[in-house]
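As stored in input10.txt (compact mmCIF, C-alpha atoms):
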```txt
# COMPACT_ATOMS: atom_id res chain seq x y z
CA MET W 1 -8.02 -30.21 -15.46
CA GLN W 2 -5.68 -33.18 -15.80
CA LYS W 3 -2.14 -32.62 -14.51
CA SER W 4 0.12 -33.79 -17.29
CA VAL W 5 3.60 -32.64 -18.25
CA TRP W 6 2.06 -30.94 -21.26
CA SER W 7 -0.72 -29.15 -19.34
CA ILE W 8 1.81 -27.95 -16.75
CA TYR W 9 4.11 -26.72 -19.52
CA LYS W 10 1.25 -24.90 -21.24
CA THR W 11 0.04 -23.25 -18.03
CA PHE W 12 3.53 -22.06 -17.14
CA PHE W 13 4.11 -20.92 -20.70
CA LYS W 14 1.11 -18.63 -20.29
CA ILE W 15 2.40 -17.39 -16.93
CA GLY W 16 5.85 -16.80 -18.45
CA THR W 17 4.35 -14.83 -21.32
CA PHE W 18 2.71 -12.34 -18.97
CA LEU W 19 5.62 -12.16 -16.56
CA LEU W 20 6.28 -8.48 -17.19
CA GLY W 21 7.90 -5.88 -15.00
CA GLY W 22 10.04 -8.13 -12.83
CA GLY W 23 9.71 -11.60 -11.38
CA TYR W 24 7.27 -10.68 -8.60
CA VAL W 25 4.38 -10.58 -11.04
CA ILE W 26 4.57 -14.36 -10.99
CA LEU W 27 2.74 -14.34 -7.64
CA PRO W 28 -0.54 -12.78 -8.84
CA LEU W 29 -0.26 -14.86 -12.02
CA LEU W 30 0.15 -18.09 -10.03
CA GLN W 31 -2.74 -17.07 -7.80
CA SER W 32 -4.94 -16.52 -10.83
CA GLU W 33 -3.86 -19.45 -13.04
CA ILE W 34 -2.84 -22.19 -10.61
CA VAL W 35 -5.01 -21.43 -7.56
CA ASP W 36 -8.20 -19.81 -8.93
CA LYS W 37 -8.52 -21.31 -12.39
CA LYS W 38 -6.91 -24.74 -12.14
CA GLY W 39 -7.21 -25.42 -8.41
CA TRP W 40 -3.82 -27.16 -8.48
CA ALA W 41 -2.56 -25.45 -5.31
CA ASN W 42 -3.78 -22.96 -2.70
CA SER W 43 -2.58 -19.52 -1.61
CA GLU W 44 -0.83 -21.03 1.41
CA ASP W 45 1.38 -23.16 -0.83
CA ILE W 46 2.25 -20.15 -2.94
CA VAL W 47 3.32 -17.94 -0.03
CA GLU W 48 5.36 -20.80 1.44
CA TYR W 49 7.13 -21.40 -1.88
CA PHE W 50 7.73 -17.68 -2.27
CA ALA W 51 9.40 -17.46 1.16
CA LEU W 52 11.56 -20.51 0.42
CA SER W 53 12.41 -19.29 -3.08
CA GLN W 54 13.76 -16.05 -1.69
CA SER W 55 16.16 -17.89 0.55
CA LEU W 56 17.47 -20.31 -2.08
CA PRO W 57 19.91 -19.38 -4.82
CA GLY W 58 18.63 -18.51 -8.26
CA ILE W 59 15.90 -16.50 -9.87
CA ILE W 60 12.71 -16.24 -7.81
CA ALA W 61 10.27 -16.83 -10.65
CA ALA W 62 12.17 -19.94 -11.74
CA ASN W 63 12.44 -21.23 -8.16
CA ILE W 64 8.72 -20.82 -7.47
CA SER W 65 7.85 -22.53 -10.75
CA ILE W 66 10.07 -25.47 -9.83
CA PHE W 67 8.38 -25.73 -6.40
CA VAL W 68 4.87 -25.62 -7.85
CA GLY W 69 5.76 -28.03 -10.68
CA HIS W 70 7.32 -30.43 -8.19
CA LYS W 71 4.18 -30.37 -6.05
CA LEU W 72 2.05 -31.15 -9.09
CA LEU W 73 4.02 -33.92 -10.74
CA GLY W 74 7.39 -34.49 -9.06
CA LEU W 75 10.58 -33.97 -11.03
CA ARG W 76 8.83 -34.14 -14.38
CA GLY W 77 6.39 -31.47 -13.26
CA ALA W 78 9.22 -29.28 -11.98
CA PHE W 79 11.02 -29.58 -15.30
CA ALA W 80 7.87 -28.84 -17.31
CA ALA W 81 7.09 -25.80 -15.16
CA VAL W 82 10.52 -24.18 -15.34
CA CYS W 83 10.80 -24.83 -19.09
CA GLY W 84 7.34 -23.36 -19.60
CA VAL W 85 8.06 -20.22 -17.65
CA ILE W 86 11.35 -19.45 -19.43
CA THR W 87 10.39 -20.37 -23.00
CA PRO W 88 8.55 -17.08 -23.72
CA ALA W 89 11.44 -15.12 -22.20
CA PHE W 90 13.88 -17.00 -24.39
CA LEU W 91 11.88 -16.53 -27.59
CA ALA W 92 11.24 -12.85 -26.93
CA ILE W 93 14.93 -12.06 -26.46
CA VAL W 94 16.09 -14.08 -29.45
CA LEU W 95 13.57 -12.16 -31.57
CA ILE W 96 14.48 -8.66 -30.37
CA ALA W 97 18.22 -9.10 -29.70
CA ASN W 98 19.19 -7.24 -32.85
CA ILE W 99 16.98 -4.19 -32.33
CA LEU W 100 17.54 -3.93 -28.60
CA SER W 101 19.21 -0.54 -28.43
CA GLU W 102 16.63 1.05 -30.71
CA LEU W 103 13.79 -0.21 -28.55
CA VAL W 104 15.10 1.47 -25.44
CA THR W 105 15.10 4.95 -26.91
CA LYS W 106 11.53 4.65 -28.15
CA HIS W 107 9.01 6.79 -26.26
CA LEU W 108 6.35 4.18 -26.66
CA VAL W 109 8.36 1.40 -25.06
CA GLN W 110 9.26 3.66 -22.16
CA GLY W 111 5.60 4.58 -21.79
CA ILE W 112 4.49 0.95 -21.58
CA PHE W 113 7.32 0.28 -19.14
CA ALA W 114 6.25 3.14 -16.84
CA GLY W 115 2.58 2.14 -17.03
CA VAL W 116 3.20 -1.52 -16.31
CA GLY W 117 5.38 -0.50 -13.37
CA VAL W 118 2.33 1.08 -11.70
CA GLY W 119 0.11 -1.92 -12.48
CA VAL W 120 2.66 -4.24 -10.92
CA VAL W 121 2.46 -2.43 -7.56
CA VAL W 122 -1.31 -2.98 -7.45
CA LEU W 123 -0.86 -6.65 -8.35
CA VAL W 124 1.69 -7.22 -5.61
CA LEU W 125 -0.67 -5.55 -3.09
CA LEU W 126 -3.48 -7.82 -4.26
CA THR W 127 -1.28 -10.86 -3.72
CA ILE W 128 -0.45 -9.75 -0.19
CA LYS W 129 -4.18 -9.37 0.52
CA GLU W 130 -4.76 -12.87 -0.82
CA MET W 131 -2.03 -14.40 1.34
CA TRP W 132 -2.72 -12.36 4.44
CA GLY W 133 -5.57 -14.41 5.91
CA LYS W 134 -3.72 -17.67 5.37
CA SER W 135 -0.45 -16.68 6.93
CA ILE W 136 -1.11 -14.04 9.59
CA VAL W 137 -3.32 -15.79 12.10
CA ASP W 138 -2.17 -14.75 15.59
CA LYS W 139 0.21 -12.52 17.59
CA PHE W 140 3.28 -14.58 16.76
CA THR W 141 2.71 -14.48 13.00
CA THR W 142 1.91 -10.75 13.16
CA VAL W 143 5.23 -10.08 14.86
CA ILE W 144 7.07 -12.17 12.26
CA PHE W 145 5.31 -10.30 9.46
CA ILE W 146 6.22 -6.86 10.80
CA ALA W 147 9.80 -7.88 11.61
CA ALA W 148 10.33 -9.38 8.14
CA MET W 149 8.90 -6.31 6.44
CA VAL W 150 10.99 -3.84 8.45
CA LEU W 151 14.21 -5.83 8.06
CA ALA W 152 13.65 -6.22 4.32
CA CYS W 153 13.06 -2.47 4.00
CA LEU W 154 16.40 -1.97 5.77
CA LYS W 155 17.99 -4.02 2.97
CA ILE W 156 18.82 -7.03 5.12
CA SER W 157 19.23 -10.02 2.82
CA PRO W 158 16.08 -12.18 2.62
CA VAL W 159 18.29 -15.20 3.28
CA TRP W 160 18.86 -14.04 6.87
CA ILE W 161 15.25 -13.03 7.34
CA ILE W 162 14.02 -16.45 6.27
CA ILE W 163 16.60 -18.33 8.35
CA GLY W 164 15.71 -16.15 11.36
CA SER W 165 11.99 -16.72 10.96
CA VAL W 166 12.47 -20.48 10.61
CA ILE W 167 14.47 -20.55 13.86
CA CYS W 168 11.77 -18.48 15.62
CA GLY W 169 9.07 -20.80 14.30
CA ILE W 170 10.83 -23.91 15.56
CA LEU W 171 11.60 -22.35 18.97
CA TYR W 172 8.03 -21.14 19.31
CA ARG W 173 6.81 -24.63 18.54
CA ILE W 174 9.10 -26.17 21.17
CA CYS W 175 8.14 -23.63 23.85
CA CYS W 176 4.41 -23.99 23.16
CA ARG W 177 4.69 -27.74 23.45
CA LYS W 178 6.35 -27.43 26.85
CA GLU W 179 3.65 -25.08 28.12
CA ALA W 180 0.97 -27.47 26.93
CA GLU W 181 2.64 -30.38 28.67
CA LYS W 182 2.74 -28.53 32.00
CA MET M 1 35.49 -22.62 -25.67
CA ILE M 2 33.08 -19.71 -25.45
CA TYR M 3 30.37 -22.22 -24.55
CA PHE M 4 32.33 -23.45 -21.54
CA GLN M 5 32.82 -19.89 -20.38
CA LEU M 6 29.12 -19.17 -20.75
CA ILE M 7 28.21 -22.32 -18.81
CA TYR M 8 30.75 -21.57 -16.09
CA GLU M 9 29.73 -17.94 -15.62
CA TYR M 10 25.98 -18.53 -15.66
CA ILE M 11 26.09 -21.54 -13.35
CA LYS M 12 28.01 -19.31 -10.97
CA ILE M 13 25.33 -16.62 -11.17
CA GLY M 14 22.57 -19.21 -10.72
CA LEU M 15 24.33 -20.55 -7.67
CA PHE M 16 25.26 -17.32 -5.92
CA SER M 17 22.46 -14.87 -6.60
CA PHE M 18 20.25 -14.95 -3.54
CA GLY M 19 17.16 -12.98 -2.76
CA GLY M 20 15.70 -12.63 -6.20
CA GLY M 21 14.44 -9.49 -7.82
CA TYR M 22 17.51 -7.81 -9.06
CA ALA M 23 20.07 -9.90 -7.20
CA THR M 24 21.59 -11.09 -10.47
CA ILE M 25 22.37 -7.58 -11.69
CA PRO M 26 25.68 -6.95 -9.89
CA PHE M 27 26.94 -10.27 -11.26
CA LEU M 28 25.90 -9.29 -14.76
CA TYR M 29 27.78 -5.98 -14.54
CA HIS M 30 30.77 -7.97 -13.46
CA LEU M 31 30.42 -10.05 -16.65
CA ALA M 32 30.11 -6.93 -18.79
CA GLU M 33 33.37 -5.64 -17.36
CA ASN M 34 35.28 -8.91 -17.73
CA TYR M 35 34.13 -10.32 -21.05
CA ASP M 36 33.24 -8.80 -24.38
CA TRP M 37 29.87 -10.56 -24.42
CA PHE M 38 28.00 -7.31 -23.93
CA THR M 39 28.87 -3.77 -22.88
CA THR M 40 27.58 -2.09 -19.72
CA LYS M 41 25.49 0.17 -21.97
CA GLN M 42 23.91 -2.88 -23.60
CA LEU M 43 23.30 -4.36 -20.18
CA SER M 44 21.43 -1.32 -18.90
CA ASP M 45 19.39 -1.26 -22.13
CA MET M 46 18.73 -4.93 -21.59
CA ILE M 47 17.53 -4.38 -18.03
CA ALA M 48 15.14 -1.65 -19.22
CA VAL M 49 13.81 -3.83 -22.03
CA ALA M 50 13.57 -6.86 -19.74
CA SER M 51 10.80 -5.11 -17.82
CA ILE M 52 8.53 -5.18 -20.85
CA THR M 53 9.60 -8.52 -22.29
CA PRO M 54 8.24 -11.70 -20.79
CA GLY M 55 10.26 -13.39 -18.12
CA PRO M 56 12.67 -12.54 -15.33
CA VAL M 57 15.47 -10.06 -16.02
CA GLY M 58 18.21 -12.59 -15.21
CA VAL M 59 16.86 -15.06 -17.75
CA ASN M 60 16.53 -12.34 -20.37
CA VAL M 61 20.10 -11.17 -19.93
CA ALA M 62 21.45 -14.73 -19.99
CA THR M 63 19.60 -15.43 -23.23
CA PHE M 64 20.76 -12.15 -24.71
CA SER M 65 24.44 -12.56 -23.92
CA GLY M 66 24.40 -16.20 -25.01
CA PHE M 67 22.74 -15.20 -28.25
CA THR M 68 25.12 -12.37 -29.09
CA THR M 69 28.18 -14.51 -28.40
CA GLY M 70 27.12 -17.96 -29.60
CA GLY M 71 23.87 -17.71 -31.56
CA ILE M 72 20.82 -19.79 -30.69
CA PHE M 73 22.93 -22.56 -29.21
CA GLY M 74 24.79 -20.07 -27.04
CA ALA M 75 21.47 -18.61 -25.89
CA LEU M 76 20.21 -22.08 -24.97
CA ILE M 77 23.21 -23.09 -22.94
CA ALA M 78 23.54 -19.75 -21.13
CA THR M 79 19.87 -19.86 -20.12
CA GLY M 80 20.11 -23.53 -19.16
CA ALA M 81 23.24 -22.94 -17.09
CA LEU M 82 21.54 -20.13 -15.17
CA ILE M 83 18.56 -22.32 -14.26
CA LEU M 84 20.42 -25.57 -13.57
CA PRO M 85 21.59 -24.86 -9.98
CA SER M 86 18.10 -23.65 -9.05
CA PHE M 87 16.56 -26.77 -10.45
CA VAL M 88 18.80 -29.14 -8.52
CA ILE M 89 18.55 -27.24 -5.22
CA VAL M 90 14.86 -26.39 -5.33
CA ALA M 91 13.84 -29.89 -6.41
CA ALA M 92 15.87 -31.34 -3.51
CA VAL M 93 14.27 -28.94 -1.01
CA ALA M 94 10.79 -29.65 -2.40
CA LYS M 95 11.38 -33.37 -2.05
CA LEU M 96 12.59 -33.07 1.56
CA LEU M 97 9.69 -30.78 2.39
CA ALA M 98 7.18 -33.26 1.02
CA LYS M 99 8.78 -36.07 3.01
CA PHE M 100 8.94 -34.29 6.36
CA ARG M 101 5.82 -32.14 6.15
CA GLU M 102 4.20 -33.92 9.12
CA ASN M 103 7.25 -33.36 11.32
CA LYS M 104 6.42 -30.88 14.10
CA TYR M 105 9.60 -28.84 13.66
CA VAL M 106 9.05 -28.54 9.92
CA GLN M 107 5.50 -27.43 10.66
CA GLY M 108 6.82 -24.88 13.14
CA ALA M 109 9.20 -23.60 10.48
CA ILE M 110 6.46 -23.33 7.86
CA TYR M 111 4.19 -21.60 10.37
CA ALA M 112 6.77 -18.81 10.61
CA LEU M 113 7.80 -18.92 6.95
CA LYS M 114 4.40 -17.82 5.70
CA PRO M 115 4.16 -14.49 7.55
CA ALA M 116 7.86 -13.89 6.77
CA GLY M 117 7.15 -14.40 3.06
CA CYS M 118 4.25 -11.97 3.36
CA GLY M 119 6.49 -9.45 5.10
CA LEU M 120 9.15 -9.73 2.38
CA LEU M 121 6.50 -9.19 -0.22
CA ALA M 122 5.19 -6.13 1.62
CA ALA M 123 8.72 -4.70 1.54
CA VAL M 124 8.82 -5.40 -2.20
CA ALA M 125 5.53 -3.54 -2.62
CA ILE M 126 6.91 -0.52 -0.72
CA GLY M 127 10.08 -0.54 -2.84
CA LEU M 128 8.16 -0.85 -6.11
CA PHE M 129 5.77 1.90 -5.08
CA ARG M 130 8.59 4.33 -4.35
CA GLU M 131 10.30 3.41 -7.59
CA ASN M 132 7.33 3.52 -9.95
CA VAL M 133 4.75 5.85 -8.45
CA SER M 134 6.25 9.32 -8.25
CA GLN M 135 4.44 11.50 -10.78
CA LEU M 136 0.86 12.74 -10.71
CA TRP M 137 -0.35 10.47 -13.51
CA ALA M 138 1.13 7.48 -11.72
CA TYR M 139 -0.69 8.35 -8.48
CA ILE M 140 -3.96 8.68 -10.36
CA LEU M 141 -3.44 5.39 -12.22
CA PHE M 142 -2.41 3.65 -9.03
CA GLY M 143 -5.45 4.95 -7.13
CA THR M 144 -7.84 3.95 -9.90
CA LEU M 145 -6.42 0.45 -10.29
CA PHE M 146 -6.36 0.00 -6.53
CA LEU M 147 -10.02 0.96 -6.14
CA MET M 148 -10.85 -1.30 -9.05
CA SER M 149 -9.04 -4.18 -7.39
CA ILE M 150 -11.05 -3.73 -4.17
CA LYS M 151 -14.40 -3.55 -5.94
CA VAL M 152 -13.85 -6.39 -8.40
CA LYS M 153 -11.26 -9.12 -8.31
CA LYS M 154 -10.22 -9.62 -11.88
CA ASP M 155 -7.54 -11.42 -13.79
CA PRO M 156 -4.09 -9.86 -13.24
CA LEU M 157 -3.69 -9.74 -17.01
CA ILE M 158 -6.34 -7.02 -17.12
CA TYR M 159 -4.31 -4.84 -14.77
CA LEU M 160 -1.11 -5.39 -16.73
CA GLY M 161 -2.85 -4.72 -20.04
CA LEU M 162 -4.64 -1.65 -18.79
CA SER M 163 -1.63 -0.05 -17.13
CA GLY M 164 0.57 -0.86 -20.14
CA ALA M 165 -1.99 0.66 -22.53
CA ILE M 166 -2.29 3.84 -20.46
CA GLY M 167 1.51 4.10 -20.33
CA LEU M 168 1.60 3.69 -24.10
CA VAL M 169 -0.92 6.49 -24.62
CA LEU M 170 1.00 8.79 -22.27
CA GLY M 171 4.16 7.86 -24.17
CA ILE M 172 2.56 8.80 -27.49
CA LEU M 173 1.34 12.10 -26.04
CA LYS M 174 4.87 12.62 -24.66
CA ILE M 175 3.52 13.37 -21.22
CA LEU M 176 6.14 11.20 -19.55
```
Written as structure tokens, how would this file's structure read?
Amino acid sequence: MQKSVWSIYKTFFKIGTFLLGGGYVILPLLQSEIVDKKGWANSEDIVEYFALSQSLPGIIAANISIFVGHKLLGLRGAFAAVCGVITPAFLAIVLIANILSELVTKHLVQGIFAGVGVGVVVLVLLTIKEMWGKSIVDKFTTVIFIAAMVLACLKISPVWIIIGSVICGILYRICCRKEAEK
Amino acid sequence: MIYFQLIYEYIKIGLFSFGGGYATIPFLYHLAENYDWFTTKQLSDMIAVASITPGPVGVNVATFSGFTTGGIFGALIATGALILPSFVIVAAVAKLLAKFRENKYVQGAIYALKPAGCGLLAAVAIGLFRENVSQLWAYILFGTLFLMSIKVKKDPLIYLGLSGAIGLVLGILKIL
């Protein structure tokens, strides 16, 4: 499919519409819409953008959309992507703003909320499976994976985890080079 | 005047909330306490509703508070202000990354970034599991969806739709 500002906007509008239960759902949605259906990017790009997005200020889903949009069509693509992903959110809130407090007390809404919460866990696991083969390829990357997971579970800010892993990656690269040169 | 305050506060949130997920929430509670844009009760309602409305929670709350204080225009500028810092910073990083992708140090960094991203996501999965899967029905639903996902790889929308529908039925039956 042709990459135009409009097609990027439309694709991200769809992603934004189904972005339920927290921003992480954007990862399986990107995998399905951008990687599998459109072939605009691959899983490696997505996991890289996700890692970077976590260490930059702002909302993850917006950051990732800007990265993907920028890859597709530069600044125009980035703008189209972020506008697309937030338009449904914007419209939904403007429509329900007045009945907000009633919605919360409704059994039905709480039911959907609880159900979707379970579905989201499965989707995030699926995304990890998808990214696994592309990012964990040897001992070094396995160690980084485990360290990042443990530190994040201990509530260390992702900013430090990403900065730390970048430093390890660069050092590893330098050391490997030296060994190869010997 | 209110518009300037909205822009100022939301640019600040966009600029200083790191780490995603619910990183914006402490800032939003701070707003609830310092302005009369929304109450803390409204904010917690908002966060609950945000999980079933499209879009990230931070965007939803920005739109909501902009809308209640300044109508559609207020909603637009609050949402725009929240996204603006991200846009500038992320676009700059994306541009640099594209330019220096062949550089060996950048490649070393990306080589480590990918498993780190995976690890962060695994931690998210653990957190979400502990938060959302605690009752018997949730374990059963989780197990079923998980088996389904191994057998057949389907559109994520199916999983969202299915789990939402089952939640709705349980809600109607008042099992939850």
> Nearest to Pro57 (chain W): which of M:Ala125, M:Ile150, M:Leu96, M:Leu82 is it, counting only C-alpha atoms?
Replying inline: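 Checking each candidate against Pro57 (chain W), we get M:Leu82 as the closest.
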> So how far away is CA of Ser65 (chain W) from CA of Leu157 (chain M), in Å?
Replying inline: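 Taking CA of Leu157 (chain M) and CA of Ser65 (chain W), their separation equals 18.3 Å.
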So which residues are close to (11.5, -7.5, -3.8), meaning at most 12 Å away in the file's coordinates with only C-alpha atoms counted, and can you show them as a PDB file with C-alpha atoms, in the coordinates of the input?
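Produced file part.pdb, reproduced below:
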```pdb
ATOM      1  CA  GLY W  21       7.900  -5.880 -15.000  1.00  0.00           C
ATOM      2  CA  GLY W  22      10.040  -8.130 -12.830  1.00  0.00           C
ATOM      3  CA  GLY W  23       9.710 -11.600 -11.380  1.00  0.00           C
ATOM      4  CA  TYR W  24       7.270 -10.680  -8.600  1.00  0.00           C
ATOM      5  CA  VAL W  25       4.380 -10.580 -11.040  1.00  0.00           C
ATOM      6  CA  LEU W  27       2.740 -14.340  -7.640  1.00  0.00           C
ATOM      7  CA  PHE W  50       7.730 -17.680  -2.270  1.00  0.00           C
ATOM      8  CA  ALA W  51       9.400 -17.460   1.160  1.00  0.00           C
ATOM      9  CA  SER W  53      12.410 -19.290  -3.080  1.00  0.00           C
ATOM     10  CA  GLN W  54      13.760 -16.050  -1.690  1.00  0.00           C
ATOM     11  CA  ILE W  59      15.900 -16.500  -9.870  1.00  0.00           C
ATOM     12  CA  ILE W  60      12.710 -16.240  -7.810  1.00  0.00           C
ATOM     13  CA  ALA W  61      10.270 -16.830 -10.650  1.00  0.00           C
ATOM     14  CA  VAL W 120       2.660  -4.240 -10.920  1.00  0.00           C
ATOM     15  CA  VAL W 121       2.460  -2.430  -7.560  1.00  0.00           C
ATOM     16  CA  VAL W 124       1.690  -7.220  -5.610  1.00  0.00           C
ATOM     17  CA  MET W 149       8.900  -6.310   6.440  1.00  0.00           C
ATOM     18  CA  ALA W 152      13.650  -6.220   4.320  1.00  0.00           C
ATOM     19  CA  CYS W 153      13.060  -2.470   4.000  1.00  0.00           C
ATOM     20  CA  LYS W 155      17.990  -4.020   2.970  1.00  0.00           C
ATOM     21  CA  ILE W 156      18.820  -7.030   5.120  1.00  0.00           C
ATOM     22  CA  SER W 157      19.230 -10.020   2.820  1.00  0.00           C
ATOM     23  CA  PRO W 158      16.080 -12.180   2.620  1.00  0.00           C
TER      24      PRO W 158
ATOM     25  CA  PHE M  18      20.250 -14.950  -3.540  1.00  0.00           C
ATOM     26  CA  GLY M  19      17.160 -12.980  -2.760  1.00  0.00           C
ATOM     27  CA  GLY M  20      15.700 -12.630  -6.200  1.00  0.00           C
ATOM     28  CA  GLY M  21      14.440  -9.490  -7.820  1.00  0.00           C
ATOM     29  CA  TYR M  22      17.510  -7.810  -9.060  1.00  0.00           C
ATOM     30  CA  ALA M  23      20.070  -9.900  -7.200  1.00  0.00           C
ATOM     31  CA  GLY M 117       7.150 -14.400   3.060  1.00  0.00           C
ATOM     32  CA  CYS M 118       4.250 -11.970   3.360  1.00  0.00           C
ATOM     33  CA  GLY M 119       6.490  -9.450   5.100  1.00  0.00           C
ATOM     34  CA  LEU M 120       9.150  -9.730   2.380  1.00  0.00           C
ATOM     35  CA  LEU M 121       6.500  -9.190  -0.220  1.00  0.00           C
ATOM     36  CA  ALA M 122       5.190  -6.130   1.620  1.00  0.00           C
ATOM     37  CA  ALA M 123       8.720  -4.700   1.540  1.00  0.00           C
ATOM     38  CA  VAL M 124       8.820  -5.400  -2.200  1.00  0.00           C
ATOM     39  CA  ALA M 125       5.530  -3.540  -2.620  1.00  0.00           C
ATOM     40  CA  ILE M 126       6.910  -0.520  -0.720  1.00  0.00           C
ATOM     41  CA  GLY M 127      10.080  -0.540  -2.840  1.00  0.00           C
ATOM     42  CA  LEU M 128       8.160  -0.850  -6.110  1.00  0.00           C
ATOM     43  CA  PHE M 129       5.770   1.900  -5.080  1.00  0.00           C
ATOM     44  CA  GLU M 131      10.300   3.410  -7.590  1.00  0.00           C
TER      45      GLU M 131
END
```
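The nearest approach to Cys83 (chain W) among the residues M:Leu97, M:Val59, M:Ile89, M:Ile158, with all atoms listed in the file taken into account, belongs to M:Val59.
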Can you list every residue of region 66-153 of chain W that has an atom at most 9 Å from region 171-175 of chain M, with its nearest atom pair and the distance in Å to one decimal, using only C-alpha atoms, ordered by chain then number, as a tab-separated table?
```
residue	atom	partner	partner_atom	distance
W:Lys106	CA	M:Gly171	CA	9.0
W:His107	CA	M:Gly171	CA	5.4
W:Leu108	CA	M:Gly171	CA	5.0
W:Val109	CA	M:Gly171	CA	7.8
W:Gln110	CA	M:Gly171	CA	6.9
W:Gly111	CA	M:Gly171	CA	4.3
W:Ile112	CA	M:Gly171	CA	7.4
W:Ala114	CA	M:Gly171	CA	9.0
```
>> Residues within 8 Å of Ile46 (chain W), please, as a ChimeraX atom specification. Count all atoms listed in the file; anything in the same chain fewer than 2 positions from it doesn't count.
In response: /W:27,30-31,41-44,48-50,64,68
> Hey, can you check how far CA of Phe27 (chain M) sits from CA of Leu84 (chain M)?
Replying inline: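 So the answer is 16.8 Å.
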>> Can you tell me which residues surround Lys10 (chain W) at a distance of at most 10 Å, considering all atoms listed in the file, apart from same-chain residues fewer than 3 positions away, and format the answer as a list in words?
In response: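 Within the cut-off, the hits are Ser4, Val5, Trp6, Ser7, Phe13, Lys14, Ile15, Gly16, Ala80, Ala81, Cys83, Gly84 and Val85 of chain W.
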Surrounding residues of Leu20 (chain W) excluding itself and chain neighbours under 2 positions, 7 Å, all atoms listed in the file, as a short mmCIF file (atom, residue, chain, number, x, y, z; two decimals) with C-alpha atoms, keeping the file's coordinate frame:
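Saved file selection-v2.cif follows:
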```
data_model
loop_
_atom_site.label_atom_id
_atom_site.label_comp_id
_atom_site.auth_asym_id
_atom_site.auth_seq_id
_atom_site.Cartn_x
_atom_site.Cartn_y
_atom_site.Cartn_z
CA PHE W 18 2.71 -12.34 -18.97
CA GLY W 22 10.04 -8.13 -12.83
CA VAL W 25 4.38 -10.58 -11.04
CA SER M 51 10.80 -5.11 -17.82
CA ILE M 52 8.53 -5.18 -20.85
CA THR M 53 9.60 -8.52 -22.29
CA PRO M 54 8.24 -11.70 -20.79
CA GLY M 55 10.26 -13.39 -18.12
#
```
>> What's around Ile170 (chain W) at 7 Å? Count all atoms listed in the file, leave out sequence neighbours fewer than 6 positions away in its own chain, and write the answer as a list in words.
In response: Tyr105, Gly108 and Ala109 of chain M
> By how many Å are CA of Phe12 (chain W) and CA of Ile66 (chain W) apart?
Replying inline: 10.4 Å
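When all atoms listed in the file are used to compute distances to chain M, the closest of the residues W:Leu151, W:Leu19, W:Leu91, W:Leu73 turns out to be W:Leu19.
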>> Between W:Val118, W:Ile86, W:Leu123, W:Ile162, which residue has the minimum interatomic distance to Tyr9 (chain W), considering only C-alpha atoms?
In response: W:Ile86
>> List the spatial neighbours of Ala98 (chain M) as a VMD selection string - criterion: any atom at most 12 Å away, all atoms listed in the file, same-chain residues fewer than 6 positions off excluded.
In response: (chain W and resid 45 67 to 68 70 to 72 74) or (chain M and resid 91 to 92 106 to 107)
Kindly save the residues from that selection, with C-alpha atoms included, as a compact mmCIF listing (two decimals), keeping the file's coordinate frame.
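In the end it all went to result06.txt:
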```
# COMPACT_ATOMS: atom_id res chain seq x y z
CA ASP W 45 1.38 -23.16 -0.83
CA PHE W 67 8.38 -25.73 -6.40
CA VAL W 68 4.87 -25.62 -7.85
CA HIS W 70 7.32 -30.43 -8.19
CA LYS W 71 4.18 -30.37 -6.05
CA LEU W 72 2.05 -31.15 -9.09
CA GLY W 74 7.39 -34.49 -9.06
CA ALA M 91 13.84 -29.89 -6.41
CA ALA M 92 15.87 -31.34 -3.51
CA VAL M 106 9.05 -28.54 9.92
CA GLN M 107 5.50 -27.43 10.66
```
Considering all atoms listed in the file, tabulate each residue of region 70-100 of chain M that lies at most 8 Å from region 6-13 of chain M along with its nearest interatomic pair and the corresponding distance in Å to one decimal; arrange the rows by chain and ascending residue number and present them as CSV.
```
residue,atom,partner,partner_atom,distance
M:Gly74,CA,M:Leu6,CA,7.7
M:Ile77,CA,M:Ile7,CA,6.5
M:Ala78,CA,M:Leu6,CA,5.6
M:Thr79,CA,M:Tyr10,CA,7.7
M:Ala81,CA,M:Ile11,CA,4.9
M:Leu82,CA,M:Tyr10,CA,4.7
M:Ile83,CA,M:Ile11,CA,7.6
M:Leu84,CA,M:Ile11,CA,7.0
M:Pro85,CA,M:Ile11,CA,6.5
```
